[in-house]
>>> print(open('coords.cif').read())   # mmCIF, C-alpha atoms
data_final
loop_
_atom_site.label_atom_id
_atom_site.label_comp_id
_atom_site.auth_asym_id
_atom_site.auth_seq_id
_atom_site.Cartn_x
_atom_site.Cartn_y
_atom_site.Cartn_z
CA MET A 1 -24.01 -8.25 -4.87
CA LEU A 2 -27.24 -8.29 -2.85
CA PHE A 3 -25.15 -8.76 0.28
CA TRP A 4 -23.05 -5.72 -0.59
CA LEU A 5 -26.16 -3.61 -1.14
CA ALA A 6 -27.53 -4.71 2.22
CA VAL A 7 -24.31 -3.81 4.05
CA THR A 8 -24.02 -0.38 2.45
CA GLY A 9 -27.71 0.41 2.68
CA CYS A 10 -27.76 1.38 -1.00
CA LYS A 11 -30.55 0.70 -3.45
CA GLU A 12 -29.68 -1.19 -6.60
CA GLU A 13 -30.33 1.86 -8.78
CA ASP A 14 -27.74 3.75 -6.70
CA LEU A 15 -25.01 1.14 -7.31
CA ALA A 16 -23.24 3.19 -9.97
CA ASP A 17 -22.96 6.12 -7.57
CA TRP A 18 -21.00 3.96 -5.12
CA SER A 19 -19.00 1.96 -7.66
CA TYR A 20 -17.65 4.82 -9.72
CA LEU A 21 -17.30 8.23 -8.17
CA GLU A 22 -16.10 11.39 -9.79
CA ASP A 23 -12.64 11.73 -11.31
CA GLY A 24 -12.03 7.99 -11.61
CA GLN A 25 -12.81 7.21 -7.99
CA TYR A 26 -14.55 3.96 -7.07
CA VAL A 27 -15.42 1.67 -4.16
CA LEU A 28 -14.81 -2.07 -4.42
CA GLU A 29 -18.19 -3.78 -4.58
CA ASP A 30 -17.02 -7.05 -3.01
CA SER A 31 -15.18 -5.67 0.02
CA HIS A 32 -16.15 -5.00 3.60
CA VAL A 33 -13.96 -2.55 5.51
CA ASN A 34 -13.65 -1.50 9.14
CA VAL A 35 -11.63 1.39 10.49
CA ILE A 36 -10.20 0.58 13.92
CA ARG A 37 -11.72 3.09 16.34
CA SER A 38 -10.09 1.94 19.60
CA PHE A 39 -7.23 -0.17 20.97
CA GLU A 40 -7.10 -1.87 24.36
CA PHE A 41 -3.98 -2.69 26.36
CA LEU A 42 -4.25 -6.29 27.55
CA SER A 43 -3.09 -7.82 30.81
CA VAL A 44 -3.02 -11.26 32.39
CA ASP A 45 -6.32 -12.02 34.10
CA ASP A 46 -6.83 -13.38 37.60
CA ASP A 47 -6.57 -16.98 36.33
CA GLY A 48 -3.23 -16.33 34.62
CA PHE A 49 -4.63 -16.23 31.07
CA ALA A 50 -4.01 -13.58 28.42
CA TYR A 51 -5.11 -13.04 24.85
CA GLY A 52 -2.48 -12.88 22.13
CA PHE A 53 -0.82 -15.12 19.57
CA ASN A 54 1.64 -17.96 19.23
CA LEU A 55 3.98 -15.90 17.07
CA ASP A 56 6.81 -18.45 16.80
CA ASP A 57 4.63 -21.59 16.53
CA VAL A 58 6.18 -23.18 19.63
CA SER A 59 5.08 -23.47 23.24
CA THR A 60 7.99 -22.32 25.40
CA GLU A 61 8.49 -23.51 28.96
CA GLU A 62 10.04 -21.45 31.72
CA GLY A 63 13.84 -21.39 31.64
CA GLU A 64 14.36 -22.09 27.93
CA ASP A 65 17.16 -20.13 26.27
CA SER A 66 15.18 -19.35 23.11
CA SER A 67 12.79 -17.17 25.12
CA CYS A 68 15.41 -15.92 27.60
CA GLY A 69 13.74 -17.87 30.36
CA HIS A 70 10.20 -16.59 29.83
CA THR A 71 7.35 -19.05 29.60
CA ASP A 72 4.50 -18.69 27.13
CA LEU A 73 0.93 -18.07 28.23
CA ASN A 74 -2.43 -19.69 27.57
CA ASP A 75 -5.44 -17.68 26.49
CA PRO A 76 -8.94 -17.94 28.01
CA ASP A 77 -10.14 -19.92 24.96
CA GLY A 78 -7.63 -22.74 25.49
CA ARG A 79 -4.90 -21.75 23.02
CA ASP A 80 -1.36 -22.33 24.27
CA GLY A 81 2.04 -20.91 23.34
CA ILE A 82 0.79 -17.31 23.62
CA ASP A 83 3.59 -14.75 23.17
CA ASN A 84 2.47 -11.60 24.96
CA GLN A 85 5.07 -10.23 27.36
CA LEU A 86 3.34 -6.86 27.50
CA ALA A 87 0.33 -8.51 29.13
CA LYS A 88 2.61 -10.01 31.79
CA ILE A 89 4.08 -6.68 32.86
CA TRP A 90 1.21 -4.32 32.06
CA SER A 91 -0.02 -4.32 35.67
CA LEU A 92 3.39 -2.90 36.63
CA LEU A 93 3.73 -0.53 33.67
CA GLN A 94 0.18 0.79 33.79
CA PRO A 95 0.71 3.02 36.87
CA LEU A 96 3.81 4.53 35.20
CA VAL A 97 2.64 5.15 31.63
CA GLY A 98 -0.76 3.48 31.28
CA ASP A 99 -3.24 6.35 31.47
CA ALA A 100 -1.08 8.61 29.33
CA SER A 101 -0.37 5.90 26.76
CA GLU A 102 -4.01 4.91 26.40
CA GLY A 103 -5.15 8.52 26.10
CA LEU A 104 -2.48 9.42 23.57
CA LEU A 105 -3.22 6.33 21.48
CA GLN A 106 -6.93 7.16 21.37
CA GLY A 107 -6.04 10.74 20.53
CA ALA A 108 -3.90 9.57 17.62
CA ILE A 109 -6.90 7.62 16.28
CA ASN A 110 -9.43 10.42 16.71
CA GLU A 111 -7.07 12.98 15.18
CA GLY A 112 -6.47 10.79 12.11
CA ARG A 113 -2.82 9.97 12.84
CA LEU A 114 -3.56 6.26 13.38
CA LEU A 115 -6.31 5.19 11.02
CA MET A 116 -5.75 1.46 10.58
CA MET A 117 -8.12 -0.10 8.06
CA VAL A 118 -8.97 -3.82 7.91
CA GLU A 119 -10.56 -4.98 4.66
CA LEU A 120 -12.04 -8.32 3.63
CA VAL A 121 -12.28 -8.69 -0.15
CA GLY A 122 -14.71 -11.22 -1.60
CA LEU A 123 -16.95 -11.27 1.46
CA ASP A 124 -20.62 -12.14 0.92
CA ASP A 125 -21.33 -14.09 4.13
CA PHE A 126 -20.70 -12.88 7.69
CA ASN A 127 -20.49 -16.42 9.08
CA ASN A 128 -18.55 -18.90 6.92
CA GLN A 129 -16.54 -18.33 3.75
CA ASN A 130 -13.21 -19.41 2.26
CA ASN A 131 -10.60 -17.83 0.00
CA LEU A 132 -10.95 -14.26 1.22
CA GLN A 133 -8.31 -11.56 0.88
CA LEU A 134 -7.44 -9.57 3.98
CA ASN A 135 -5.84 -6.16 3.52
CA LEU A 136 -4.44 -4.08 6.34
CA PHE A 137 -3.55 -0.50 5.46
CA TYR A 138 -3.85 3.09 6.66
CA SER A 139 -5.79 6.18 5.78
CA ASP A 140 -4.70 9.80 5.92
CA SER A 141 -8.27 11.14 5.99
CA LYS A 142 -9.80 13.17 8.81
CA PRO A 143 -12.41 11.12 10.71
CA GLU A 144 -15.63 12.37 12.23
CA ILE A 145 -16.02 11.56 15.92
CA GLY A 146 -19.36 10.29 17.21
CA THR A 147 -21.22 11.00 20.42
CA TYR A 148 -19.28 8.32 22.34
CA GLY A 149 -15.90 9.90 21.63
CA THR A 150 -14.80 7.41 18.94
CA ILE A 151 -14.98 7.30 15.14
CA ALA A 152 -18.53 7.22 13.80
CA PRO A 153 -19.40 4.36 11.39
CA ASN A 154 -20.03 4.45 7.63
CA GLN A 155 -17.56 7.20 6.78
CA THR A 156 -15.53 7.36 3.57
CA PHE A 157 -11.72 7.21 3.72
CA GLU A 158 -8.84 7.36 1.25
CA ILE A 159 -5.77 5.11 1.35
CA ASP A 160 -2.51 6.59 2.61
CA GLU A 161 -0.27 5.62 -0.30
CA GLU A 162 2.92 6.33 1.69
CA ALA A 163 2.10 3.93 4.55
CA GLN A 164 2.36 0.16 4.73
CA PHE A 165 -0.16 -1.96 2.83
CA SER A 166 -0.18 -5.64 3.82
CA THR A 167 -2.18 -8.44 2.18
CA LEU A 168 -3.06 -11.99 3.23
CA ASN A 169 -4.65 -14.32 0.67
CA GLY A 170 -6.64 -17.51 1.14
CA ILE A 171 -8.14 -16.37 4.46
CA SER A 172 -11.14 -18.25 5.86
CA LEU A 173 -14.07 -16.94 7.87
CA ASP A 174 -15.05 -19.74 10.25
CA ALA A 175 -18.15 -19.32 12.43
CA GLY A 176 -17.75 -15.57 12.19
CA GLU A 177 -14.05 -15.53 13.13
CA ILE A 178 -11.03 -14.54 11.04
CA GLU A 179 -7.40 -15.30 11.85
CA GLY A 180 -4.33 -14.70 9.71
CA GLY A 181 -0.65 -13.89 9.53
CA PRO A 182 2.15 -13.14 9.17
CA ILE A 183 1.28 -9.50 8.65
CA SER A 184 3.26 -6.29 8.99
CA PHE A 185 1.95 -3.10 10.54
CA GLU A 186 3.09 0.02 12.34
CA ILE A 187 1.93 1.87 15.45
CA PRO A 188 2.74 5.53 16.09
CA ILE A 189 4.07 6.01 19.64
CA ASP A 190 3.50 9.15 21.68
CA ILE A 191 5.03 8.50 25.08
CA LEU A 192 7.46 10.29 27.40
CA GLU A 193 7.62 13.16 24.88
CA ALA A 194 8.81 10.75 22.19
CA HIS A 195 7.07 10.59 18.84
CA PHE A 196 8.04 7.75 16.50
CA THR A 197 6.68 4.76 14.60
CA MET A 198 6.98 1.26 16.04
CA ASN A 199 7.42 -1.23 13.18
CA VAL A 200 6.08 -4.76 13.55
CA ALA A 201 6.81 -7.67 11.23
CA GLY A 202 5.52 -11.24 11.49
CA GLY A 203 2.39 -10.15 13.32
CA LYS A 204 -0.99 -11.87 13.48
CA ILE A 205 -4.60 -10.72 13.59
CA ARG A 206 -7.78 -12.39 14.85
CA PHE A 207 -11.25 -10.90 14.99
CA ASP A 208 -14.95 -11.66 14.98
CA VAL A 209 -17.21 -10.30 12.26
CA GLY A 210 -20.48 -9.31 13.89
CA GLU A 211 -23.86 -9.58 12.24
CA ASP A 212 -23.83 -5.78 12.09
CA GLY A 213 -20.51 -5.83 10.19
CA PHE A 214 -18.43 -4.55 13.11
CA PHE A 215 -15.02 -6.13 13.75
CA LYS A 216 -13.73 -6.91 17.26
CA GLY A 217 -10.58 -8.82 18.09
CA TYR A 218 -6.83 -8.75 18.62
CA ILE A 219 -3.69 -7.80 16.74
CA GLY A 220 -0.16 -8.55 17.90
CA GLY A 221 3.45 -9.12 17.05
CA ALA A 222 6.91 -8.30 18.36
CA PHE A 223 8.96 -5.11 18.25
CA SER A 224 12.68 -4.43 18.46
CA VAL A 225 13.63 -3.55 22.03
CA GLU A 226 16.77 -1.75 20.88
CA GLU A 227 14.87 0.39 18.40
CA VAL A 228 12.14 1.43 20.84
CA LEU A 229 14.54 2.14 23.71
CA TYR A 230 16.71 4.23 21.43
CA GLU A 231 13.74 6.39 20.48
CA LEU A 232 12.73 6.77 24.10
CA SER A 233 16.29 7.69 25.08
CA GLN A 234 16.09 10.72 22.79
CA THR A 235 13.41 12.33 24.97
CA ASP A 236 13.88 14.70 27.88
CA ALA A 237 12.00 12.37 30.26
CA THR A 238 15.14 10.70 31.58
CA ASP A 239 13.63 9.66 34.93
CA GLU A 240 10.68 7.96 33.27
CA TYR A 241 12.95 6.30 30.71
CA ALA A 242 15.08 4.87 33.52
CA LEU A 243 11.95 3.28 34.98
CA VAL A 244 10.73 1.79 31.69
CA GLU A 245 14.05 0.53 30.30
CA PRO A 246 14.50 -2.52 32.58
CA PHE A 247 10.93 -3.67 31.95
CA PHE A 248 11.62 -4.10 28.24
CA LYS A 249 15.19 -5.35 28.48
CA ASN A 250 14.46 -7.91 31.17
CA ASN A 251 11.27 -9.18 29.53
CA ALA A 252 12.30 -9.50 25.88
CA ASP A 253 11.21 -13.01 24.90
CA MET A 254 11.86 -13.52 21.18
CA GLY A 255 14.56 -13.02 18.54
CA TYR A 256 17.25 -14.89 20.47
CA GLU A 257 20.73 -13.83 19.30
CA ASP A 258 24.12 -14.17 20.97
CA GLY A 259 22.69 -15.06 24.35
CA GLU A 260 19.94 -12.44 24.53
CA CYS A 261 16.45 -11.77 23.18
CA THR A 262 16.05 -8.78 20.90
CA LEU A 263 12.27 -8.73 20.45
CA PHE A 264 9.38 -8.06 22.82
CA SER A 265 5.98 -9.64 22.15
CA PHE A 266 2.66 -7.86 22.63
CA ALA A 267 -0.99 -7.85 21.61
CA PHE A 268 -3.72 -5.22 21.61
CA GLY A 269 -7.45 -5.66 21.63
CA PHE A 270 -9.32 -3.58 19.06
CA GLU A 271 -12.78 -2.58 17.90
CA GLY A 272 -13.67 -1.42 14.40
CA VAL A 273 -16.62 0.21 12.68
CA PRO A 274 -17.75 -0.24 9.06
CA ALA A 275 -16.32 2.24 6.59
CA TYR A 276 -15.91 2.80 2.85
CA VAL A 277 -12.59 3.16 1.06
CA ILE A 278 -12.18 5.23 -2.09
CA ARG A 279 -9.75 3.97 -4.72
CA TYR A 280 -8.42 5.58 -7.90
CA GLU A 281 -8.32 3.94 -11.30
CA GLU A 282 -4.80 5.22 -12.01
CA ASP A 283 -3.48 3.45 -8.88
CA GLU A 284 -4.54 -0.01 -10.04
#
>>> encode(input="coords.cif", output="structure tokens")
Amino acid sequence: MLFWLAVTGCKEEDLADWSYLEDGQYVLEDSHVNVIRSFEFLSVDDDGFAYGFNLDDVSTEEGEDSSCGHTDLNDPDGRDGIDNQLAKIWSLLQPLVGDASEGLLQGAINEGRLLMMVELVGLDDFNNQNNLQLNLFYSDSKPEIGTYGTIAPNQTFEIDEEAQFSTLNGISLDAGEIEGGPISFEIPIDILEAHFTMNVAGGKIRFDVGEDGFFKGYIGGAFSVEEVLYELSQTDATDEYALVEPFFKNNADMGYEDGECTLFSFAFGFEGVPAYVIRYEEDE
């Protein structure tokens, strides 16, 4: 409880004002929430390393059928079996769609169309703790943007009841780091005049919890190449689509079926800022 008061900046006599708001609203006392304020497209560094996740729990060598010939990566921290094909080709894709994609993704966050919330329930120590619950969900609130062009901290958000809500139980915070999966999430795509939601299942998340309560880390998974290319094909940007299509088809590395891979692995870096989430008694 004292930890929660310290994080929120509340005084003990103000606890009731935060716990139970008007009209049956309340804020969980034992949770710490961040709203993701920015995503970063990752690429392979000069030493051939890339951040991401071992999504299939195997380390694939070059030429194996199960990955359609694509080898897994290692990350800078020594993890192997990293599935992140987007990092491999981002240096080639970036000149085609990079600046527009990054700007549109940040715009979706700032405009409130991509408010991904990461919540740790049961947290009372920012360094080491076991048996936490991790919730990943979305808000449909309108954020306030700070002086640096990203979401300002310590705002109050409501849960988007129509969007995905994923939960991981038994999560451990080890030396300030959280990792968990599988987790499902969705990313709205605004690219080449296409507007659709990219669905991800079997994803993973890893992040550091700073002493200031800010989250910073990575989230990744794999998406259906067929689904994404279909959505892109419905746009008027036929020339751009023709450029992008072979990148995804030729680099799909997971979901091996009938001699071809159907899924494409990726990971994004992210930064979050502390926030509060309002809940309603009737929803429990």
>>> resolve_selection(input="coords.cif", expression="the PyMOL selection byres ((chain A and resi 168-182) around 8)", output="list in words")
Phe126, Asn127, Asn128, Gln129, Asn130, Asn131, Leu132, Gln133, Leu134, Asn135, Ser166, Thr167, Ile183, Ser184, Ala201, Gly202, Gly203, Lys204, Ile205, Arg206, Phe207, Asp208, Val209 and Gly210 of chain A
>>> atom_distance(input="coords.cif", atom1="atom CA of Ser66 of chain A", atom2="atom CA of Tyr218 of chain A")
24.8 Å
>>> closest_residue(input="coords.cif", among="A:Tyr280, A:Tyr51, A:Phe223, A:Phe41", to="Leu28 of chain A", atoms="only C-alpha atoms")
A:Tyr280
>>> resolve_selection(input="coords.cif", expression="the PyMOL selection byres ((chain A and resi 158) around 8)", output="ChimeraX atom specification")
/A:139-141,156-157,159-160,277-279
>>> write_last_selection(input="coords.cif", atoms="C-alpha atoms", output="tab-separated table (two decimals), in the frame of the given file")
chain	number	residue	atom	x	y	z
A	139	SER	CA	-5.79	6.18	5.78
A	140	ASP	CA	-4.70	9.80	5.92
A	141	SER	CA	-8.27	11.14	5.99
A	156	THR	CA	-15.53	7.36	3.57
A	157	PHE	CA	-11.72	7.21	3.72
A	159	ILE	CA	-5.77	5.11	1.35
A	160	ASP	CA	-2.51	6.59	2.61
A	277	VAL	CA	-12.59	3.16	1.06
A	278	ILE	CA	-12.18	5.23	-2.09
A	279	ARG	CA	-9.75	3.97	-4.72
>>> closest_residue(input="coords.cif", among="A:Tyr138, A:Ala87, A:Glu281, A:Glu161", to="Gln25 of chain A", atoms="all atoms listed in the file")
A:Glu281
>>> atom_distance(input="coords.cif", atom1="atom CA of His32 of chain A", atom2="atom CA of Val200 of chain A")
24.4 Å
>>> resolve_selection(input="coords.cif", expression="the PyMOL selection byres ((chain A and resi 74) around 9)", output="ChimeraX atom specification")
/A:48-52,72-73,75-83
>>> write_last_selection(input="coords.cif", atoms="C-alpha atoms", output="PDB file, in the frame of the given file")
ATOM      1  CA  GLY A  48      -3.230 -16.330  34.620  1.00  0.00           C
ATOM      2  CA  PHE A  49      -4.630 -16.230  31.070  1.00  0.00           C
ATOM      3  CA  ALA A  50      -4.010 -13.580  28.420  1.00  0.00           C
ATOM      4  CA  TYR A  51      -5.110 -13.040  24.850  1.00  0.00           C
ATOM      5  CA  GLY A  52      -2.480 -12.880  22.130  1.00  0.00           C
ATOM      6  CA  ASP A  72       4.500 -18.690  27.130  1.00  0.00           C
ATOM      7  CA  LEU A  73       0.930 -18.070  28.230  1.00  0.00           C
ATOM      8  CA  ASP A  75      -5.440 -17.680  26.490  1.00  0.00           C
ATOM      9  CA  PRO A  76      -8.940 -17.940  28.010  1.00  0.00           C
ATOM     10  CA  ASP A  77     -10.140 -19.920  24.960  1.00  0.00           C
ATOM     11  CA  GLY A  78      -7.630 -22.740  25.490  1.00  0.00           C
ATOM     12  CA  ARG A  79      -4.900 -21.750  23.020  1.00  0.00           C
ATOM     13  CA  ASP A  80      -1.360 -22.330  24.270  1.00  0.00           C
ATOM     14  CA  GLY A  81       2.040 -20.910  23.340  1.00  0.00           C
ATOM     15  CA  ILE A  82       0.790 -17.310  23.620  1.00  0.00           C
ATOM     16  CA  ASP A  83       3.590 -14.750  23.170  1.00  0.00           C
TER      17      ASP A  83
END
>>> closest_residue(input="coords.cif", among="A:Ser265, A:Asn251, A:Ser31, A:Thr235", to="Val121 of chain A", atoms="only C-alpha atoms")
A:Ser31
>>> atom_distance(input="coords.cif", atom1="atom CA of Gly255 of chain A", atom2="atom CA of Glu240 of chain A")
25.9 Å
>>> residues_near_point(input="coords.cif", point="(14.5, -4.8, 24.3)", cutoff="6 Å", atoms="all atoms listed in the file", output="list in words")
Val225, Glu226, Phe248, Lys249, Ala252, Thr262 and Leu263 of chain A
>>> closest_residue(input="coords.cif", among="A:Phe53, A:Tyr148, A:Phe165, A:Phe264", to="Ala222 of chain A", atoms="only C-alpha atoms")
A:Phe264
>>> closest_residue(input="coords.cif", among="A:Met254, A:Ile145, A:Ala108, A:Ala163", to="Val273 of chain A", atoms="all atoms listed in the file")
A:Ile145
>>> build_atoms(input="coords.cif", residues="segment 26-50 of chain A", atoms="N, CA, C and O atoms", output="PDB file, in the frame of the given file")
ATOM      1  N   TYR A  26     -13.579   5.040  -7.196  1.00  0.00           N
ATOM      2  CA  TYR A  26     -14.550   3.960  -7.070  1.00  0.00           C
ATOM      3  C   TYR A  26     -14.389   3.259  -5.731  1.00  0.00           C
ATOM      4  O   TYR A  26     -13.377   3.404  -5.046  1.00  0.00           O
ATOM      5  N   VAL A  27     -15.414   2.489  -5.376  1.00  0.00           N
ATOM      6  CA  VAL A  27     -15.420   1.670  -4.160  1.00  0.00           C
ATOM      7  C   VAL A  27     -15.574   0.220  -4.583  1.00  0.00           C
ATOM      8  O   VAL A  27     -16.447  -0.109  -5.386  1.00  0.00           O
ATOM      9  N   LEU A  28     -14.706  -0.650  -4.083  1.00  0.00           N
ATOM     10  CA  LEU A  28     -14.810  -2.070  -4.420  1.00  0.00           C
ATOM     11  C   LEU A  28     -16.165  -2.618  -3.972  1.00  0.00           C
ATOM     12  O   LEU A  28     -16.557  -2.465  -2.817  1.00  0.00           O
ATOM     13  N   GLU A  29     -16.863  -3.281  -4.894  1.00  0.00           N
ATOM     14  CA  GLU A  29     -18.190  -3.780  -4.580  1.00  0.00           C
ATOM     15  C   GLU A  29     -18.154  -5.013  -3.683  1.00  0.00           C
ATOM     16  O   GLU A  29     -19.111  -5.286  -2.977  1.00  0.00           O
ATOM     17  N   ASP A  30     -17.065  -5.776  -3.730  1.00  0.00           N
ATOM     18  CA  ASP A  30     -17.020  -7.050  -3.010  1.00  0.00           C
ATOM     19  C   ASP A  30     -16.164  -6.981  -1.760  1.00  0.00           C
ATOM     20  O   ASP A  30     -15.642  -7.990  -1.301  1.00  0.00           O
ATOM     21  N   SER A  31     -15.996  -5.789  -1.180  1.00  0.00           N
ATOM     22  CA  SER A  31     -15.180  -5.670   0.020  1.00  0.00           C
ATOM     23  C   SER A  31     -16.016  -5.165   1.185  1.00  0.00           C
ATOM     24  O   SER A  31     -17.036  -4.492   1.001  1.00  0.00           O
ATOM     25  N   HIS A  32     -15.559  -5.535   2.375  1.00  0.00           N
ATOM     26  CA  HIS A  32     -16.150  -5.000   3.600  1.00  0.00           C
ATOM     27  C   HIS A  32     -15.002  -4.487   4.447  1.00  0.00           C
ATOM     28  O   HIS A  32     -14.064  -5.227   4.749  1.00  0.00           O
ATOM     29  N   VAL A  33     -15.065  -3.225   4.839  1.00  0.00           N
ATOM     30  CA  VAL A  33     -13.960  -2.550   5.510  1.00  0.00           C
ATOM     31  C   VAL A  33     -14.396  -2.059   6.887  1.00  0.00           C
ATOM     32  O   VAL A  33     -15.529  -1.612   7.067  1.00  0.00           O
ATOM     33  N   ASN A  34     -13.498  -2.164   7.846  1.00  0.00           N
ATOM     34  CA  ASN A  34     -13.650  -1.500   9.140  1.00  0.00           C
ATOM     35  C   ASN A  34     -12.460  -0.584   9.362  1.00  0.00           C
ATOM     36  O   ASN A  34     -11.333  -0.925   8.988  1.00  0.00           O
ATOM     37  N   VAL A  35     -12.712   0.555   9.970  1.00  0.00           N
ATOM     38  CA  VAL A  35     -11.630   1.390  10.490  1.00  0.00           C
ATOM     39  C   VAL A  35     -11.562   1.121  11.990  1.00  0.00           C
ATOM     40  O   VAL A  35     -12.585   1.092  12.676  1.00  0.00           O
ATOM     41  N   ILE A  36     -10.360   0.863  12.495  1.00  0.00           N
ATOM     42  CA  ILE A  36     -10.200   0.580  13.920  1.00  0.00           C
ATOM     43  C   ILE A  36     -10.391   1.877  14.713  1.00  0.00           C
ATOM     44  O   ILE A  36      -9.668   2.848  14.513  1.00  0.00           O
ATOM     45  N   ARG A  37     -11.382   1.872  15.598  1.00  0.00           N
ATOM     46  CA  ARG A  37     -11.720   3.090  16.340  1.00  0.00           C
ATOM     47  C   ARG A  37     -11.138   3.116  17.745  1.00  0.00           C
ATOM     48  O   ARG A  37     -11.120   4.167  18.394  1.00  0.00           O
ATOM     49  N   SER A  38     -10.676   1.951  18.257  1.00  0.00           N
ATOM     50  CA  SER A  38     -10.090   1.940  19.600  1.00  0.00           C
ATOM     51  C   SER A  38      -9.190   0.735  19.769  1.00  0.00           C
ATOM     52  O   SER A  38      -9.430  -0.328  19.182  1.00  0.00           O
ATOM     53  N   PHE A  39      -8.131   0.908  20.562  1.00  0.00           N
ATOM     54  CA  PHE A  39      -7.230  -0.170  20.970  1.00  0.00           C
ATOM     55  C   PHE A  39      -7.323  -0.340  22.483  1.00  0.00           C
ATOM     56  O   PHE A  39      -7.569   0.619  23.218  1.00  0.00           O
ATOM     57  N   GLU A  40      -7.081  -1.562  22.933  1.00  0.00           N
ATOM     58  CA  GLU A  40      -7.100  -1.870  24.360  1.00  0.00           C
ATOM     59  C   GLU A  40      -5.801  -2.547  24.764  1.00  0.00           C
ATOM     60  O   GLU A  40      -5.373  -3.517  24.136  1.00  0.00           O
ATOM     61  N   PHE A  41      -5.149  -2.022  25.795  1.00  0.00           N
ATOM     62  CA  PHE A  41      -3.980  -2.690  26.360  1.00  0.00           C
ATOM     63  C   PHE A  41      -4.439  -3.892  27.159  1.00  0.00           C
ATOM     64  O   PHE A  41      -5.333  -3.782  28.000  1.00  0.00           O
ATOM     65  N   LEU A  42      -3.831  -5.049  26.915  1.00  0.00           N
ATOM     66  CA  LEU A  42      -4.250  -6.290  27.550  1.00  0.00           C
ATOM     67  C   LEU A  42      -3.343  -6.642  28.719  1.00  0.00           C
ATOM     68  O   LEU A  42      -2.161  -6.292  28.722  1.00  0.00           O
ATOM     69  N   SER A  43      -3.892  -7.343  29.686  1.00  0.00           N
ATOM     70  CA  SER A  43      -3.090  -7.820  30.810  1.00  0.00           C
ATOM     71  C   SER A  43      -3.495  -9.244  31.134  1.00  0.00           C
ATOM     72  O   SER A  43      -4.504  -9.754  30.646  1.00  0.00           O
ATOM     73  N   VAL A  44      -2.701  -9.904  31.947  1.00  0.00           N
ATOM     74  CA  VAL A  44      -3.020 -11.260  32.390  1.00  0.00           C
ATOM     75  C   VAL A  44      -4.173 -11.190  33.385  1.00  0.00           C
ATOM     76  O   VAL A  44      -4.183 -10.352  34.286  1.00  0.00           O
ATOM     77  N   ASP A  45      -5.172 -12.072  33.205  1.00  0.00           N
ATOM     78  CA  ASP A  45      -6.320 -12.020  34.100  1.00  0.00           C
ATOM     79  C   ASP A  45      -6.033 -12.761  35.409  1.00  0.00           C
ATOM     80  O   ASP A  45      -4.929 -13.273  35.626  1.00  0.00           O
ATOM     81  N   ASP A  46      -7.025 -12.809  36.266  1.00  0.00           N
ATOM     82  CA  ASP A  46      -6.830 -13.380  37.600  1.00  0.00           C
ATOM     83  C   ASP A  46      -6.508 -14.873  37.562  1.00  0.00           C
ATOM     84  O   ASP A  46      -5.947 -15.426  38.525  1.00  0.00           O
ATOM     85  N   ASP A  47      -6.854 -15.546  36.475  1.00  0.00           N
ATOM     86  CA  ASP A  47      -6.570 -16.980  36.330  1.00  0.00           C
ATOM     87  C   ASP A  47      -5.253 -17.244  35.605  1.00  0.00           C
ATOM     88  O   ASP A  47      -4.926 -18.403  35.315  1.00  0.00           O
ATOM     89  N   GLY A  48      -4.516 -16.171  35.286  1.00  0.00           N
ATOM     90  CA  GLY A  48      -3.230 -16.330  34.620  1.00  0.00           C
ATOM     91  C   GLY A  48      -3.301 -16.440  33.112  1.00  0.00           C
ATOM     92  O   GLY A  48      -2.305 -16.774  32.472  1.00  0.00           O
ATOM     93  N   PHE A  49      -4.469 -16.143  32.513  1.00  0.00           N
ATOM     94  CA  PHE A  49      -4.630 -16.230  31.070  1.00  0.00           C
ATOM     95  C   PHE A  49      -4.485 -14.850  30.435  1.00  0.00           C
ATOM     96  O   PHE A  49      -4.727 -13.821  31.068  1.00  0.00           O
ATOM     97  N   ALA A  50      -4.109 -14.840  29.159  1.00  0.00           N
ATOM     98  CA  ALA A  50      -4.010 -13.580  28.420  1.00  0.00           C
ATOM     99  C   ALA A  50      -4.238 -13.850  26.948  1.00  0.00           C
ATOM    100  O   ALA A  50      -3.785 -14.863  26.412  1.00  0.00           O
TER     101      ALA A  50
END
